[in-house]
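J.: Below you'll find the structure I mean.
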Amino acid sequence: MNDKQSRKQRAQQVHGWMGGGELDWLYENAVGKRLVIELGSWCGKSSIMLAVADELICVDTWQGDGSDKHNEAIGSGLNPRKEWERNLKPEIDAGKVAPYVCDLYSGEDILFELLEGCADMVFIDAAHDRDSVATDIRTARRLLKPGGLLCGHDYQFEGVNEAVNALVPKHENPVKSIWVQA
Ligand SMILES: C[S@@+](CC[C@H](N)C(=O)[O-])C[C@H]1O[C@@H](n2cnc3c(N)ncnc32)[C@H](O)[C@@H]1O
């Protein structure tokens with residue numbers, strides 16, 4: 001089994017909403033990248049694939065987004081932060097992956113200032129309303145190196161596609177529900 005297949009097998013056992021084609025796409029686009037930043041990691045399903053990069057920073061409150069699906073999961077006893085740590089343990093222990101607990105919509109943040117222009121890829125999958133996604137796109141643009149890869153998940157949701165269409169008019173949907181700046 002190659003690295004992509006073994007990561008996919010790990011990821012498919014993790015709670016989340018990402019399909020097989022999307023997991024493949026994340027791996028194929030993170031491989032060879034130096035620094036990837038993920039906005040919204042939940043239990044680490046997508047993070048496992050992105051962690052093929054040299055370094056991955058996962059930004060999340062790990063408190064969910066207040067939606068029914070998050071509240072139900074947390075209400076049934078799921079602890080997304082603990083799950084994320086358990087699922088990414090090999091990469092955390094190897095010093096390749098780090099969590100950053102942060103509310104993405106609370107204003108300026110020191111880490112984002114330090115990382116300005118440093119990321120080779122930013123994957124957006126945090127809150128899904130239009131204003132939040134628009135904020136994430138602006139944050140991602142600050143973090144990315146010139147020519148870095150800006151992409152995200154859940155394009156099928158109205159809030160997401162409204163923000164993407166407005167702020168990233170030239171984009172493609174290479175796989176169901178993934179959007180990427182063209
Ligand atoms: C759809 S889930 C991410 C799914 C993940 N990418 C996966 O593949 O399973 C959205 C995540 O965004 C996080 N989130 C929501 N609002 C946030 C905020 N204001 N700041 C940081 N993270 C937030 C939630 O805690 C949740 O973990």
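We name chains A, B, ... following the order of the structure tokens; residues begin at 1 in each chain, and ligands are numbered from 1 as shown.
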Go through the chains and note each residue within 6 Å of ligand 1, using only C-alpha atoms and all ligand atoms, then give the set as a list in words.
T.: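 Counting only what the definition allows, namely only C-alpha atoms and all ligand atoms, the set is Gly16, Trp17, Met18, Gly40, Ser41, Trp42, Cys43, Gly44, Lys45, Ser46, Asp60, Thr61, Trp62, Gln63, Gly64, Asp65, Cys102, Asp103, Leu104, Tyr105, Asp125, Ala126 and Ala127 of chain A.
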J.: Among region 86-171 of chain A, which residues carry a DSSP assignment of strand (DSSP E), reported as a list in words?
T.: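 Here are the strand (DSSP E) residues of region 86-171 of chain A: Val97, Ala98, Pro99, Tyr100, Val101, Ala119, Asp120, Met121, Val122, Phe123, Ile124, Leu144, Lys145, Pro146, Gly147, Gly148, Leu149, Leu150, Cys151, Gly152 and His171 of chain A.
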J.: In Å, how far is it from CA of Glu172 (chain A) to CA of Val36 (chain A)?
T.: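 According to the coordinates, CA of Glu172 (chain A) and CA of Val36 (chain A) are separated by 19.7 Å.
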J.: Please compute the CA of Ala94 (chain A)-CA of Lys4 (chain A) distance, one decimal, in Å.
T.: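 Rounded to one decimal, the two atoms are 18.1 Å apart.
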J.: Check the smallest atom-to-atom distance from each of A:Phe123, A:Ala30, A:Ile110, A:Asp131 to Glu162 (chain A) using only C-alpha atoms, then report the winner.
T.: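 Closest to Glu162 (chain A) of all the choices is A:Asp131.
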J.: Rank A:Gln13, A:Gln156, A:Asn79, A:Asn2 by their smallest atom-to-atom distance to Lys176 (chain A), using only C-alpha atoms, and report the top residue only.
T.: A:Gln156
J.: State, in Å with one decimal place, the distance from CA of Trp84 (chain A) to CA of Ala11 (chain A).
T.: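 Between CA of Trp84 (chain A) and CA of Ala11 (chain A) the gap is 11.0 Å.
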J.: Would you please work out which residue, of A:Val97, A:Ile92, A:Ile48, A:Val175, is nearest to Gln12 (chain A) when using only C-alpha atoms?
T.: A:Ile48
J.: Counting only C-alpha atoms, figure out which residue out of A:Gln181, A:Glu116, A:Pro169, A:Ala73 gets nearest to Gly147 (chain A).
T.: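 Going through A:Gln181, A:Glu116, A:Pro169, A:Ala73 one by one, the smallest distance to Gly147 (chain A) is for A:Gln181.
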J.: Pick from A:Met121, A:Leu150, A:Ala140, A:Met49: nearest to Gln9 (chain A), with only C-alpha atoms counted?
T.: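 Ranking A:Met121, A:Leu150, A:Ala140, A:Met49 by distance to Gln9 (chain A), first place goes to A:Met49.
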J.: List the neighbours of Pro99 (chain A) out to 8 Å using only C-alpha atoms; skip same-chain residues closer than 5 positions along the sequence, and give me the result as a tab-separated table (two decimals) with N, CA and C atoms, in the first residue's frame.
T.:
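Written output follows (selection.tsv):
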chain	number	residue	atom	x	y	z
A	57	ILE	N	-0.15	23.38	9.45
A	57	ILE	CA	-0.72	24.06	10.63
A	57	ILE	C	-2.23	23.99	10.50
A	58	CYS	N	-2.89	23.46	11.54
A	58	CYS	CA	-4.34	23.31	11.54
A	58	CYS	C	-4.96	24.33	12.49
A	59	VAL	N	-5.80	25.21	11.94
A	59	VAL	CA	-6.39	26.30	12.71
A	59	VAL	C	-7.86	25.98	12.97
A	60	ASP	N	-8.26	26.01	14.23
A	60	ASP	CA	-9.64	25.67	14.57
A	60	ASP	C	-9.90	26.10	16.02
J.: Env of Leu149 (chain A): 12 Å cut, atoms = only C-alpha atoms, seq-sep filter 3 positions within chain, self excluded. Answer as an MDAnalysis selection string.
T.: chainID A and resid 26 29:30 33:38 117:124 137 140:141 143:146 152 171 179:182
J.: Based on the selection just made, write N, CA and C atoms of those residues as an mmCIF file, in the first residue's frame.
T.:
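Result saved to result-v1.cif:
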data_model
loop_
_atom_site.group_PDB
_atom_site.id
_atom_site.type_symbol
_atom_site.label_atom_id
_atom_site.label_comp_id
_atom_site.auth_asym_id
_atom_site.auth_seq_id
_atom_site.Cartn_x
_atom_site.Cartn_y
_atom_site.Cartn_z
ATOM 1 N N LEU A 26 -6.863 16.267 -2.089
ATOM 2 C CA LEU A 26 -6.061 16.959 -1.063
ATOM 3 C C LEU A 26 -4.636 16.419 -1.043
ATOM 4 N N ASN A 29 -2.548 17.463 -4.100
ATOM 5 C CA ASN A 29 -2.200 18.882 -4.160
ATOM 6 C C ASN A 29 -1.319 19.341 -3.007
ATOM 7 N N ALA A 30 -1.268 18.556 -1.922
ATOM 8 C CA ALA A 30 -0.396 18.917 -0.791
ATOM 9 C C ALA A 30 0.991 18.299 -0.917
ATOM 10 N N LYS A 33 4.514 20.181 -1.121
ATOM 11 C CA LYS A 33 4.409 21.561 -0.604
ATOM 12 C C LYS A 33 5.220 21.667 0.695
ATOM 13 N N ARG A 34 5.783 22.862 0.923
ATOM 14 C CA ARG A 34 6.558 23.054 2.160
ATOM 15 C C ARG A 34 5.637 23.344 3.340
ATOM 16 N N LEU A 35 4.773 24.364 3.209
ATOM 17 C CA LEU A 35 3.874 24.709 4.322
ATOM 18 C C LEU A 35 2.434 24.781 3.830
ATOM 19 N N VAL A 36 1.579 23.982 4.443
ATOM 20 C CA VAL A 36 0.142 24.022 4.173
ATOM 21 C C VAL A 36 -0.565 24.496 5.449
ATOM 22 N N ILE A 37 -1.562 25.368 5.291
ATOM 23 C CA ILE A 37 -2.376 25.814 6.429
ATOM 24 C C ILE A 37 -3.812 25.421 6.151
ATOM 25 N N GLU A 38 -4.438 24.772 7.131
ATOM 26 C CA GLU A 38 -5.836 24.355 7.006
ATOM 27 C C GLU A 38 -6.679 25.196 7.975
ATOM 28 N N GLY A 117 2.493 35.584 3.891
ATOM 29 C CA GLY A 117 3.289 35.284 2.703
ATOM 30 C C GLY A 117 4.113 34.017 2.795
ATOM 31 N N CYS A 118 3.792 33.147 3.751
ATOM 32 C CA CYS A 118 4.636 31.950 3.975
ATOM 33 C C CYS A 118 4.027 30.653 3.440
ATOM 34 N N ALA A 119 2.721 30.607 3.219
ATOM 35 C CA ALA A 119 2.073 29.318 2.926
ATOM 36 C C ALA A 119 2.107 28.991 1.434
ATOM 37 N N ASP A 120 2.314 27.724 1.143
ATOM 38 C CA ASP A 120 2.273 27.256 -0.246
ATOM 39 C C ASP A 120 0.857 26.843 -0.642
ATOM 40 N N MET A 121 0.025 26.559 0.351
ATOM 41 C CA MET A 121 -1.353 26.122 0.086
ATOM 42 C C MET A 121 -2.188 26.444 1.324
ATOM 43 N N VAL A 122 -3.383 27.010 1.125
ATOM 44 C CA VAL A 122 -4.336 27.187 2.235
ATOM 45 C C VAL A 122 -5.639 26.517 1.829
ATOM 46 N N PHE A 123 -6.109 25.630 2.701
ATOM 47 C CA PHE A 123 -7.358 24.909 2.455
ATOM 48 C C PHE A 123 -8.400 25.419 3.456
ATOM 49 N N ILE A 124 -9.527 25.931 2.924
ATOM 50 C CA ILE A 124 -10.560 26.565 3.756
ATOM 51 C C ILE A 124 -11.745 25.617 3.957
ATOM 52 N N ILE A 137 -11.145 33.681 3.021
ATOM 53 C CA ILE A 137 -10.446 33.898 1.740
ATOM 54 C C ILE A 137 -9.450 35.056 1.883
ATOM 55 N N ALA A 140 -6.574 33.815 3.934
ATOM 56 C CA ALA A 140 -5.748 32.904 3.138
ATOM 57 C C ALA A 140 -4.852 33.699 2.188
ATOM 58 N N ARG A 141 -5.392 34.743 1.610
ATOM 59 C CA ARG A 141 -4.590 35.526 0.649
ATOM 60 C C ARG A 141 -3.405 36.196 1.338
ATOM 61 N N LEU A 143 -1.885 34.880 3.923
ATOM 62 C CA LEU A 143 -0.955 33.820 4.332
ATOM 63 C C LEU A 143 -0.163 33.235 3.171
ATOM 64 N N LEU A 144 -0.758 33.276 1.965
ATOM 65 C CA LEU A 144 -0.148 32.581 0.828
ATOM 66 C C LEU A 144 1.058 33.311 0.248
ATOM 67 N N LYS A 145 2.017 32.520 -0.197
ATOM 68 C CA LYS A 145 3.104 33.058 -1.029
ATOM 69 C C LYS A 145 2.509 33.462 -2.365
ATOM 70 N N PRO A 146 3.166 34.342 -3.115
ATOM 71 C CA PRO A 146 2.688 34.608 -4.475
ATOM 72 C C PRO A 146 2.625 33.290 -5.247
ATOM 73 N N GLY A 152 -10.728 25.303 -1.175
ATOM 74 C CA GLY A 152 -11.617 25.067 -0.052
ATOM 75 C C GLY A 152 -12.633 23.987 -0.353
ATOM 76 N N HIS A 171 -12.296 30.401 -10.689
ATOM 77 C CA HIS A 171 -12.042 29.189 -9.899
ATOM 78 C C HIS A 171 -12.548 27.980 -10.667
ATOM 79 N N TRP A 179 -13.360 23.649 -4.298
ATOM 80 C CA TRP A 179 -13.133 24.775 -5.219
ATOM 81 C C TRP A 179 -11.655 25.166 -5.111
ATOM 82 N N VAL A 180 -11.115 25.638 -6.234
ATOM 83 C CA VAL A 180 -9.714 26.023 -6.245
ATOM 84 C C VAL A 180 -9.533 27.228 -7.158
ATOM 85 N N GLN A 181 -8.746 28.184 -6.710
ATOM 86 C CA GLN A 181 -8.487 29.361 -7.549
ATOM 87 C C GLN A 181 -7.763 28.928 -8.821
ATOM 88 N N ALA A 182 -8.270 29.393 -9.955
ATOM 89 C CA ALA A 182 -7.667 28.970 -11.249
ATOM 90 C C ALA A 182 -6.425 29.801 -11.528
#
